[in-house]
>>> print(open('coords14.txt').read())   # compact mmCIF, C-alpha atoms and all ligand atoms
# COMPACT_ATOMS: atom_id res chain seq x y z
CA MET A 1 -95.03 -13.35 -58.07
CA LYS A 2 -93.31 -12.34 -61.31
CA VAL A 3 -93.73 -15.02 -63.97
CA LEU A 4 -91.88 -13.09 -66.65
CA GLU A 5 -89.43 -10.25 -66.29
CA VAL A 6 -87.73 -8.53 -69.21
CA LYS A 7 -84.92 -6.11 -68.39
CA ASN A 8 -83.50 -3.58 -70.84
CA LEU A 9 -84.21 -5.61 -73.96
CA LYS A 10 -82.60 -4.45 -77.17
CA THR A 11 -83.40 -6.30 -80.39
CA SER A 12 -82.10 -5.40 -83.82
CA PHE A 13 -82.71 -6.39 -87.44
CA ALA A 14 -80.09 -6.65 -90.13
CA ILE A 15 -81.25 -4.69 -93.15
CA LYS A 16 -78.83 -4.51 -96.09
CA LYS A 17 -75.92 -5.57 -93.89
CA LYS A 18 -76.54 -2.87 -91.28
CA ARG A 19 -78.20 -3.46 -87.94
CA PHE A 20 -81.05 -1.26 -86.77
CA LEU A 21 -82.56 -1.39 -83.30
CA ALA A 22 -86.24 -2.34 -83.36
CA ILE A 23 -86.64 -2.79 -79.60
CA ARG A 24 -84.85 -0.05 -77.76
CA ASP A 25 -84.44 -0.76 -74.08
CA VAL A 26 -87.76 -2.32 -73.11
CA SER A 27 -88.36 -3.56 -69.57
CA LEU A 28 -91.57 -5.22 -68.45
CA HIS A 29 -92.94 -7.85 -66.13
CA VAL A 30 -96.06 -9.96 -65.79
CA ASP A 31 -97.29 -11.38 -62.52
CA GLU A 32 -99.03 -14.66 -61.88
CA GLY A 33 -102.73 -14.31 -62.67
CA GLU A 34 -102.22 -11.00 -64.45
CA VAL A 35 -103.18 -9.95 -67.96
CA LEU A 36 -100.75 -7.43 -69.39
CA GLY A 37 -101.82 -5.60 -72.53
CA ILE A 38 -99.33 -4.24 -75.05
CA VAL A 39 -100.83 -1.62 -77.36
CA GLY A 40 -99.45 0.60 -80.07
CA GLU A 41 -99.82 1.19 -83.78
CA SER A 42 -98.49 -1.12 -86.43
CA GLY A 43 -94.68 -1.34 -86.33
CA SER A 44 -94.32 -0.14 -82.74
CA GLY A 45 -92.52 -3.31 -81.66
CA LYS A 46 -95.20 -5.32 -79.89
CA SER A 47 -94.63 -8.61 -81.71
CA VAL A 48 -90.85 -8.32 -81.89
CA THR A 49 -90.70 -7.79 -78.11
CA MET A 50 -92.54 -11.02 -77.40
CA LYS A 51 -90.83 -12.94 -80.22
CA SER A 52 -87.54 -11.97 -78.57
CA VAL A 53 -88.86 -13.40 -75.31
CA VAL A 54 -89.75 -16.78 -76.76
CA GLY A 55 -86.81 -16.86 -79.16
CA ILE A 56 -88.67 -16.99 -82.44
CA LEU A 57 -87.23 -13.93 -84.19
CA PRO A 58 -86.87 -14.05 -87.96
CA SER A 59 -83.37 -15.04 -89.11
CA ASN A 60 -82.24 -11.42 -89.50
CA GLY A 61 -83.32 -10.53 -85.95
CA PHE A 62 -80.97 -10.46 -82.95
CA VAL A 63 -81.36 -9.90 -79.24
CA GLU A 64 -78.46 -7.51 -78.66
CA SER A 65 -78.67 -7.20 -74.91
CA GLY A 66 -80.91 -7.45 -71.90
CA GLU A 67 -82.26 -10.13 -69.64
CA ILE A 68 -85.32 -12.31 -70.07
CA LEU A 69 -86.28 -14.10 -66.89
CA PHE A 70 -89.00 -16.71 -66.76
CA LYS A 71 -89.56 -17.50 -63.08
CA GLU A 72 -86.03 -16.25 -62.49
CA VAL A 73 -84.46 -18.51 -65.14
CA ASN A 74 -82.62 -16.51 -67.79
CA LEU A 75 -84.09 -17.70 -71.10
CA LEU A 76 -81.23 -16.18 -73.08
CA ALA A 77 -78.78 -18.50 -71.34
CA LEU A 78 -80.73 -21.71 -71.98
CA LYS A 79 -79.60 -24.39 -74.41
CA PRO A 80 -81.94 -24.88 -77.38
CA GLU A 81 -83.29 -28.17 -76.02
CA GLU A 82 -83.95 -26.64 -72.60
CA LYS A 83 -85.83 -23.85 -74.28
CA ARG A 84 -87.86 -26.26 -76.40
CA ALA A 85 -88.92 -28.03 -73.22
CA LEU A 86 -90.37 -24.77 -71.91
CA LEU A 87 -92.10 -23.70 -75.08
CA GLY A 88 -95.45 -25.35 -75.66
CA ASN A 89 -95.38 -26.38 -72.03
CA ASP A 90 -94.78 -23.60 -69.48
CA ILE A 91 -94.87 -20.85 -72.08
CA THR A 92 -97.18 -20.86 -75.09
CA MET A 93 -97.96 -18.38 -77.80
CA ILE A 94 -100.94 -17.92 -80.10
CA PHE A 95 -101.07 -15.75 -83.19
CA GLN A 96 -103.57 -13.92 -85.34
CA ASP A 97 -103.88 -16.60 -88.00
CA PRO A 98 -104.71 -20.01 -86.53
CA MET A 99 -103.75 -21.76 -89.77
CA THR A 100 -100.07 -21.01 -89.12
CA ALA A 101 -100.30 -23.37 -86.14
CA LEU A 102 -102.27 -26.08 -87.94
CA ASN A 103 -101.14 -28.55 -90.58
CA PRO A 104 -103.94 -28.92 -93.15
CA LEU A 105 -103.05 -32.60 -93.67
CA LYS A 106 -103.43 -33.63 -90.02
CA THR A 107 -106.59 -34.07 -87.99
CA ILE A 108 -107.47 -31.75 -85.13
CA GLY A 109 -107.05 -34.68 -82.73
CA TYR A 110 -103.54 -35.38 -84.03
CA HIS A 111 -102.50 -31.76 -83.42
CA ILE A 112 -103.68 -31.68 -79.82
CA GLU A 113 -102.35 -35.14 -79.00
CA GLU A 114 -98.92 -34.23 -80.37
CA VAL A 115 -98.71 -31.19 -78.08
CA ILE A 116 -99.72 -33.35 -75.11
CA MET A 117 -97.33 -36.18 -75.88
CA ARG A 118 -94.39 -33.87 -76.55
CA HIS A 119 -94.53 -32.61 -72.97
CA GLN A 120 -96.24 -35.30 -70.92
CA LYS A 121 -95.31 -38.94 -70.62
CA VAL A 122 -98.66 -40.38 -71.70
CA ASP A 123 -99.79 -42.77 -74.43
CA ARG A 124 -102.05 -41.85 -77.32
CA VAL A 125 -105.21 -43.18 -75.65
CA THR A 126 -104.70 -40.94 -72.63
CA ALA A 127 -103.73 -38.06 -74.90
CA ARG A 128 -106.94 -38.56 -76.90
CA LYS A 129 -108.96 -38.34 -73.68
CA GLN A 130 -107.21 -35.10 -72.73
CA ALA A 131 -107.73 -33.76 -76.25
CA GLU A 132 -111.44 -34.43 -75.94
CA GLU A 133 -111.54 -32.66 -72.60
CA ILE A 134 -109.75 -29.62 -73.93
CA LEU A 135 -112.21 -29.29 -76.83
CA ASN A 136 -114.98 -29.26 -74.25
CA ILE A 137 -113.12 -26.61 -72.29
CA VAL A 138 -112.77 -24.36 -75.35
CA GLU A 139 -116.46 -24.93 -75.98
CA ILE A 140 -116.34 -26.94 -79.18
CA PRO A 141 -119.39 -29.21 -79.17
CA ASP A 142 -119.36 -32.82 -80.32
CA ALA A 143 -115.69 -33.17 -79.38
CA LYS A 144 -115.24 -36.87 -80.16
CA ARG A 145 -116.27 -36.45 -83.79
CA ARG A 146 -114.55 -33.09 -84.15
CA LEU A 147 -111.18 -34.64 -83.21
CA THR A 148 -111.29 -36.79 -86.35
CA GLN A 149 -111.84 -33.82 -88.65
CA TYR A 150 -109.31 -31.67 -90.52
CA PRO A 151 -108.63 -27.92 -90.07
CA HIS A 152 -110.52 -26.97 -93.25
CA GLU A 153 -113.69 -28.49 -91.76
CA PHE A 154 -113.58 -25.86 -89.00
CA SER A 155 -114.59 -22.18 -89.23
CA GLY A 156 -112.00 -19.49 -88.45
CA GLY A 157 -113.38 -18.99 -84.96
CA MET A 158 -113.42 -22.74 -84.28
CA ARG A 159 -109.84 -23.06 -85.52
CA GLN A 160 -108.76 -20.32 -83.13
CA ARG A 161 -110.51 -22.22 -80.31
CA VAL A 162 -108.49 -25.30 -81.26
CA VAL A 163 -105.27 -23.28 -81.20
CA ILE A 164 -106.19 -21.88 -77.78
CA GLY A 165 -106.88 -25.45 -76.66
CA MET A 166 -103.45 -26.54 -77.91
CA ALA A 167 -101.88 -23.58 -76.10
CA LEU A 168 -103.62 -24.45 -72.82
CA VAL A 169 -103.62 -28.22 -72.76
CA ASN A 170 -100.34 -28.47 -70.86
CA ALA A 171 -101.43 -25.81 -68.34
CA PRO A 172 -98.84 -23.12 -69.16
CA LYS A 173 -97.79 -20.49 -66.64
CA LEU A 174 -97.54 -17.86 -69.35
CA LEU A 175 -99.65 -17.38 -72.46
CA ILE A 176 -98.62 -14.84 -75.05
CA ALA A 177 -101.47 -13.94 -77.38
CA ASP A 178 -100.49 -11.80 -80.37
CA GLU A 179 -103.64 -10.28 -81.90
CA PRO A 180 -105.51 -13.53 -81.29
CA THR A 181 -108.84 -12.25 -82.58
CA THR A 182 -107.92 -9.68 -85.21
CA ALA A 183 -108.73 -12.02 -88.10
CA LEU A 184 -112.16 -12.92 -86.72
CA ASP A 185 -115.46 -11.11 -87.06
CA VAL A 186 -116.66 -9.06 -84.15
CA THR A 187 -119.09 -11.44 -82.44
CA ILE A 188 -116.61 -14.33 -82.66
CA GLN A 189 -113.85 -12.01 -81.37
CA PHE A 190 -115.90 -11.33 -78.29
CA GLN A 191 -116.51 -15.03 -77.63
CA ILE A 192 -112.83 -15.91 -78.02
CA LEU A 193 -111.73 -13.10 -75.70
CA LYS A 194 -114.28 -14.16 -73.12
CA LEU A 195 -112.93 -17.69 -73.37
CA ILE A 196 -109.32 -16.57 -72.88
CA LYS A 197 -110.37 -14.44 -69.93
CA ARG A 198 -112.27 -17.30 -68.28
CA LEU A 199 -109.42 -19.79 -68.72
CA GLN A 200 -106.87 -17.23 -67.56
CA ALA A 201 -108.77 -16.57 -64.34
CA GLU A 202 -109.44 -20.25 -63.66
CA ASN A 203 -105.80 -21.22 -64.09
CA LYS A 204 -104.21 -18.07 -62.60
CA MET A 205 -102.24 -17.86 -65.80
CA ALA A 206 -100.09 -14.87 -66.67
CA VAL A 207 -101.12 -13.51 -70.06
CA VAL A 208 -99.50 -11.01 -72.39
CA LEU A 209 -102.13 -9.77 -74.81
CA ILE A 210 -100.88 -7.87 -77.85
CA THR A 211 -103.45 -5.79 -79.67
CA HIS A 212 -103.94 -2.43 -81.30
CA ASP A 213 -107.51 -2.39 -80.03
CA LEU A 214 -107.93 -0.31 -76.88
CA ALA A 215 -111.47 -1.57 -76.34
CA VAL A 216 -110.06 -5.10 -76.09
CA VAL A 217 -107.44 -3.89 -73.64
CA TYR A 218 -110.09 -2.21 -71.53
CA ASN A 219 -112.12 -5.40 -71.32
CA MET A 220 -109.26 -7.82 -70.77
CA CYS A 221 -106.20 -6.32 -69.12
CA HIS A 222 -105.08 -5.46 -65.62
CA ARG A 223 -102.09 -3.45 -66.75
CA VAL A 224 -101.14 -1.78 -70.02
CA LEU A 225 -97.92 -0.90 -71.86
CA VAL A 226 -98.14 1.66 -74.63
CA MET A 227 -95.39 1.12 -77.21
CA TYR A 228 -94.16 3.27 -80.05
CA GLY A 229 -90.95 3.25 -82.07
CA GLY A 230 -89.57 0.27 -80.17
CA LYS A 231 -90.00 1.95 -76.79
CA ILE A 232 -92.50 2.00 -73.99
CA LEU A 233 -93.94 5.51 -73.84
CA GLU A 234 -96.39 4.94 -71.01
CA GLU A 235 -97.33 2.16 -68.64
CA GLY A 236 -99.89 1.82 -65.91
CA THR A 237 -102.84 -0.07 -64.57
CA ARG A 238 -105.92 -0.19 -66.77
CA GLU A 239 -107.51 2.56 -64.68
CA GLU A 240 -104.41 4.77 -64.80
CA ILE A 241 -104.10 4.46 -68.58
CA PHE A 242 -107.78 4.96 -69.34
CA ASN A 243 -108.73 7.47 -66.62
CA SER A 244 -105.58 9.58 -66.51
CA PRO A 245 -103.41 9.01 -69.56
CA LYS A 246 -100.33 11.23 -69.48
CA HIS A 247 -98.44 10.74 -72.71
CA PRO A 248 -99.62 12.64 -75.81
CA TYR A 249 -99.33 9.39 -77.78
CA THR A 250 -101.65 7.55 -75.37
CA LEU A 251 -104.07 10.48 -75.58
CA ALA A 252 -103.93 10.40 -79.37
CA LEU A 253 -104.64 6.66 -79.34
CA MET A 254 -107.62 7.24 -77.06
CA GLU A 255 -108.99 9.88 -79.39
CA SER A 256 -108.68 7.49 -82.29
CA ILE A 257 -111.15 5.00 -80.81
CA PRO A 258 -114.89 5.52 -81.14
CA ASN A 259 -116.86 6.16 -77.99
CA LEU A 260 -118.55 2.82 -77.58
CA GLU A 261 -121.17 4.10 -75.22
CA SER A 262 -122.41 7.06 -77.27
CA ASP A 263 -125.18 6.77 -79.83
CA GLU A 264 -123.56 9.28 -82.13
CA LYS A 265 -121.98 7.88 -85.22
CA ALA A 266 -118.48 6.95 -84.16
CA LYS A 267 -116.03 9.47 -85.52
CA LEU A 268 -112.62 7.94 -85.95
CA GLU A 269 -109.72 10.35 -85.81
CA PRO A 270 -106.60 8.59 -86.98
CA ILE A 271 -103.39 10.08 -85.60
CA GLU A 272 -101.90 12.38 -88.20
CA GLY A 273 -98.56 11.48 -89.73
CA ILE A 274 -96.83 8.14 -90.09
CA ALA A 275 -94.83 5.99 -87.72
CA PRO A 276 -91.03 6.02 -88.11
CA THR A 277 -89.22 3.12 -89.76
CA LEU A 278 -86.15 1.49 -88.24
CA GLU A 279 -83.87 3.30 -90.67
CA ASN A 280 -85.20 6.76 -89.85
CA MET A 281 -85.82 6.57 -86.12
CA PRO A 282 -85.79 10.06 -84.58
CA LYS A 283 -82.96 10.80 -82.18
CA GLY A 284 -85.22 11.95 -79.35
CA CYS A 285 -88.76 10.88 -78.60
CA PRO A 286 -89.98 8.69 -81.49
CA PHE A 287 -93.41 10.33 -81.38
CA ALA A 288 -92.06 13.91 -81.52
CA PRO A 289 -92.55 14.38 -85.30
CA ARG A 290 -96.28 13.67 -84.94
CA CYS A 291 -96.83 15.16 -81.50
CA LYS A 292 -99.04 18.25 -81.20
CA HIS A 293 -97.17 19.31 -78.08
CA ALA A 294 -93.59 18.70 -79.24
CA MET A 295 -90.96 21.13 -77.99
CA ALA A 296 -87.44 21.71 -79.29
CA ILE A 297 -85.90 19.28 -76.81
CA CYS A 298 -88.20 16.43 -77.89
CA ALA A 299 -86.45 16.01 -81.24
CA ASP A 300 -83.05 15.60 -79.63
CA VAL A 301 -83.43 13.92 -76.26
CA MET A 302 -85.40 10.82 -75.36
CA PRO A 303 -87.12 11.65 -72.09
CA THR A 304 -86.52 9.54 -69.02
CA GLY A 305 -89.48 8.18 -67.12
CA GLN A 306 -91.66 10.20 -64.84
CA ALA A 307 -93.52 8.16 -62.21
CA PHE A 308 -97.03 9.16 -61.17
CA SER A 309 -97.54 6.16 -58.94
CA GLU A 310 -95.76 2.89 -58.25
CA THR A 311 -97.37 1.45 -61.37
CA HIS A 312 -97.83 4.49 -63.62
CA SER A 313 -95.00 6.08 -65.65
CA SER A 314 -94.80 8.20 -68.75
CA TYR A 315 -91.77 9.02 -70.88
CA CYS A 316 -92.44 12.57 -72.04
CA HIS A 317 -90.70 15.95 -71.58
CA LEU A 318 -94.10 17.54 -70.98
CA ASN A 319 -94.67 15.33 -67.96
CA GLY A 320 -91.34 16.35 -66.52
CA GLY A 321 -89.46 13.35 -67.92
CA GLY A 322 -85.94 14.36 -68.86
CA ASP A 323 -85.42 16.61 -65.88
CA ALA A 324 -83.75 13.71 -64.14
N1 LIG A 401 -87.76 -9.43 -90.35
C1 LIG A 401 -87.69 -8.11 -90.19
N2 LIG A 401 -86.71 -7.40 -90.82
C2 LIG A 401 -86.62 -6.06 -90.65
N3 LIG A 401 -87.42 -5.34 -89.86
C3 LIG A 401 -88.40 -5.99 -89.21
C4 LIG A 401 -88.60 -7.41 -89.34
N4 LIG A 401 -89.66 -7.77 -88.57
C5 LIG A 401 -90.10 -6.64 -88.00
N5 LIG A 401 -89.36 -5.57 -88.37
C6 LIG A 401 -89.52 -4.17 -87.93
O1 LIG A 401 -89.50 -4.12 -86.51
C7 LIG A 401 -90.39 -3.10 -86.04
C8 LIG A 401 -91.34 -3.69 -85.04
O2 LIG A 401 -92.21 -4.62 -85.68
P1 LIG A 401 -93.35 -5.45 -84.94
O3 LIG A 401 -93.72 -6.58 -85.83
O4 LIG A 401 -92.91 -5.78 -83.56
O5 LIG A 401 -94.53 -4.39 -84.88
P2 LIG A 401 -95.97 -4.59 -84.20
O6 LIG A 401 -96.08 -3.57 -83.13
O7 LIG A 401 -96.15 -6.02 -83.82
O8 LIG A 401 -96.92 -4.18 -85.41
P3 LIG A 401 -98.31 -4.86 -85.93
O9 LIG A 401 -99.38 -4.18 -85.12
O10 LIG A 401 -98.36 -4.45 -87.36
O11 LIG A 401 -98.23 -6.33 -85.72
C9 LIG A 401 -91.08 -2.52 -87.29
O12 LIG A 401 -90.40 -1.35 -87.65
C10 LIG A 401 -90.87 -3.60 -88.32
O13 LIG A 401 -90.82 -3.05 -89.61
MG MG A 402 -97.41 -7.52 -84.49
>>> encode(input="coords14.txt", output="structure tokens", more="lines below")
Ligand SMILES: Nc1ncnc2c1ncn2[C@@H]1O[C@H](COP(=O)(O)OP(=O)(O)OP(=O)(O)O)[C@@H](O)[C@H]1O
Ligand SMILES: [Mg+2]
Amino acid sequence: MKVLEVKNLKTSFAIKKKRFLAIRDVSLHVDEGEVLGIVGESGSGKSVTMKSVVGILPSNGFVESGEILFKEVNLLALKPEEKRALLGNDITMIFQDPMTALNPLKTIGYHIEEVIMRHQKVDRVTARKQAEEILNIVEIPDAKRRLTQYPHEFSGGMRQRVVIGMALVNAPKLLIADEPTTALDVTIQFQILKLIKRLQAENKMAVVLITHDLAVVYNMCHRVLVMYGGKILEEGTREEIFNSPKHPYTLALMESIPNLESDEKAKLEPIEGIAPTLENMPKGCPFAPRCKHAMAICADVMPTGQAFSETHSSYCHLNGGGDA
């Protein structure tokens, strides 16, 4: 069952009184129990896509058109209070920096209890019990005492566990995690991802995981979207994307990650060139200026999708896209 479906989303930003499209016709869906990865370099539109979904764009950002369906309810048509009832309850989002979600002047217990009481009709004693349970679930020992402490008394990894606990305490149907471990060191990253994966599987939650780390995607995701220049350039199951990538951009991304299984010193090959900005978006394929295989048509015409299977598509003239 589709938990989230986004159809033809276009989102723009006002820059010096002109509007520029940042998300250019993005469609996606996430099923119950599925982890969808969104990858792409910095500026490709990963965060803005999901911020459009939950309605937390910066003040100069606008959803221009499209549909955003959460269990068939159009989120764009909801009143603000109806939307607030969904957020933090059925849909939750966690970010890279856990401190943005935590008030340094309030205890950890206060934070979790507030999230519980905002969405469930329970008193503080019951909320405290649930808060203690959720700390156990996110594997924070000594929960009772920990609830009385303040955010600065927690390490970065522990704070992110708290934020995950807050995001999960009301049993959401959809969790959106935007680079949830980027700020953490590698061993803690691994623990946090394992935790998200375990809780996702136990609760059959739909998860959208935003990252620029393909190794994380490989370990966590069922399906993958590759974004660039505000567009999806390739999508497929994990196996399709990793075993038979079709788009030159996906291939370039793959080449830019070290081979984790080889003993040789990892040789990172960053993709040559820089990503386009909103003001100088190419007319055709956004990757064309950096693409080793670009042809004349690529600069002028954005290719249409070419399907390789029911789940696998690439948007590239080389793959036959654009012949349609
Ligand atoms: N408030 C804003 N005003 C103008 N442009 C913006 C604003 N926020 C984002 N953008 C632009 O929108 C595009 C998409 O940005 P987005 O934050 O979604 O990228 P991202 O893929 O999440 O990158 P990162 O990996 O760095 O988080 C970029 O070109 C970015 O510069
Ligand atoms: Mg981002």
>>> closest_residue(input="coords14.txt", among="A:Ser47, A:Glu67, A:Glu5, A:Gln160", to="Ile196 in chain A", atoms="all atoms listed in the file")
A:Gln160
>>> residues_around(input="coords14.txt", residues="Ala171 in chain A", least_positions_apart="6", cutoff="12 Å", atoms="all atoms listed in the file", output="JSON, numbers by chain")
{"A": [86, 87, 88, 89, 90, 91, 92, 115, 116, 119, 120, 130, 134, 164, 165, 199, 200, 202, 203, 204, 205, 206]}
>>> closest_residue(input="coords14.txt", among="A:Pro151, A:Gly230, A:Gly55, A:Pro172", to="ligand MG 402 (chain A)", atoms="only C-alpha atoms and all ligand atoms")
A:Gly230
>>> closest_residue(input="coords14.txt", among="A:Arg223, A:Lys231, A:His312, A:His317", to="ligand LIG 401 (chain A)", atoms="only C-alpha atoms and all ligand atoms")
A:Lys231
>>> residues_near_ligand(input="coords14.txt", ligand="ligand LIG 401 (chain A)", cutoff="8 Å", atoms="only C-alpha atoms and all ligand atoms", output="ChimeraX atom specification")
/A:12-15,22-23,39-49,57-61,178-179,210-212,227-230,276-278
>>> closest_residue(input="coords14.txt", among="A:Thr182, A:Ser309, A:Thr250, A:Thr107", to="ligand MG 402 (chain A)", atoms="all atoms listed in the file")
A:Thr182
>>> atom_distance(input="coords14.txt", atom1="CA of Val301 in chain A", atom2="CA of Lys16 in chain A")
27.5 Å
>>> closest_residue(input="coords14.txt", among="A:Leu78, A:Met1, A:Met50, A:Val216", to="ligand MG 402 (chain A)", atoms="all atoms listed in the file")
A:Met50
>>> atom_distance(input="coords14.txt", atom1="CA of Arg84 in chain A", atom2="CA of Phe20 in chain A")
27.9 Å
>>> atom_distance(input="coords14.txt", atom1="CA of Leu76 in chain A", atom2="CA of Asp25 in chain A")
15.8 Å
>>> closest_residue(input="coords14.txt", among="A:Ile108, A:Val54, A:Leu168, A:Ala131", to="Gln149 in chain A", atoms="all atoms listed in the file")
A:Ile108
>>> residues_around(input="coords14.txt", residues="Ile192 in chain A", least_positions_apart="2", cutoff="8 Å", atoms="all atoms listed in the file", output="list in words")
Gly157, Gln160, Arg161, Thr181, Ile188, Gln189, Phe190, Lys194, Leu195 and Ile196 of chain A
>>> residues_around(input="coords14.txt", residues="Ala77 in chain A", least_positions_apart="3", cutoff="12 Å", atoms="only C-alpha atoms", output="short mmCIF file (atom, residue, chain, number, x, y, z; two decimals) with C-alpha atoms, keeping the file's coordinate frame")
data_model
loop_
_atom_site.label_atom_id
_atom_site.label_comp_id
_atom_site.auth_asym_id
_atom_site.auth_seq_id
_atom_site.Cartn_x
_atom_site.Cartn_y
_atom_site.Cartn_z
CA VAL A 53 -88.86 -13.40 -75.31
CA GLY A 55 -86.81 -16.86 -79.16
CA VAL A 63 -81.36 -9.90 -79.24
CA SER A 65 -78.67 -7.20 -74.91
CA GLY A 66 -80.91 -7.45 -71.90
CA GLU A 67 -82.26 -10.13 -69.64
CA ILE A 68 -85.32 -12.31 -70.07
CA LEU A 69 -86.28 -14.10 -66.89
CA PHE A 70 -89.00 -16.71 -66.76
CA GLU A 72 -86.03 -16.25 -62.49
CA VAL A 73 -84.46 -18.51 -65.14
CA ASN A 74 -82.62 -16.51 -67.79
CA PRO A 80 -81.94 -24.88 -77.38
CA GLU A 81 -83.29 -28.17 -76.02
CA GLU A 82 -83.95 -26.64 -72.60
CA LYS A 83 -85.83 -23.85 -74.28
#
>>> residues_around(input="coords14.txt", residues="range 235-246 of chain A", least_positions_apart="3", cutoff="7 Å", atoms="only C-alpha atoms", output="list in words")
Tyr218, Cys221, His222, Arg223, Val224, Leu225, Val226, Thr250, Leu251, Thr311, His312, Ser313 and Ser314 of chain A
>>> write_last_selection(input="coords14.txt", atoms="C-alpha atoms", output="PDB file, in the frame of the given file")
ATOM      1  CA  TYR A 218    -110.090  -2.210 -71.530  1.00  0.00           C
ATOM      2  CA  CYS A 221    -106.200  -6.320 -69.120  1.00  0.00           C
ATOM      3  CA  HIS A 222    -105.080  -5.460 -65.620  1.00  0.00           C
ATOM      4  CA  ARG A 223    -102.090  -3.450 -66.750  1.00  0.00           C
ATOM      5  CA  VAL A 224    -101.140  -1.780 -70.020  1.00  0.00           C
ATOM      6  CA  LEU A 225     -97.920  -0.900 -71.860  1.00  0.00           C
ATOM      7  CA  VAL A 226     -98.140   1.660 -74.630  1.00  0.00           C
ATOM      8  CA  THR A 250    -101.650   7.550 -75.370  1.00  0.00           C
ATOM      9  CA  LEU A 251    -104.070  10.480 -75.580  1.00  0.00           C
ATOM     10  CA  THR A 311     -97.370   1.450 -61.370  1.00  0.00           C
ATOM     11  CA  HIS A 312     -97.830   4.490 -63.620  1.00  0.00           C
ATOM     12  CA  SER A 313     -95.000   6.080 -65.650  1.00  0.00           C
ATOM     13  CA  SER A 314     -94.800   8.200 -68.750  1.00  0.00           C
TER      14      SER A 314
END
>>> residues_around(input="coords14.txt", residues="Val163 in chain A", least_positions_apart="5", cutoff="8 Å", atoms="all atoms listed in the file", output="PyMOL selection string")
chain A and resi 94+98+101-102
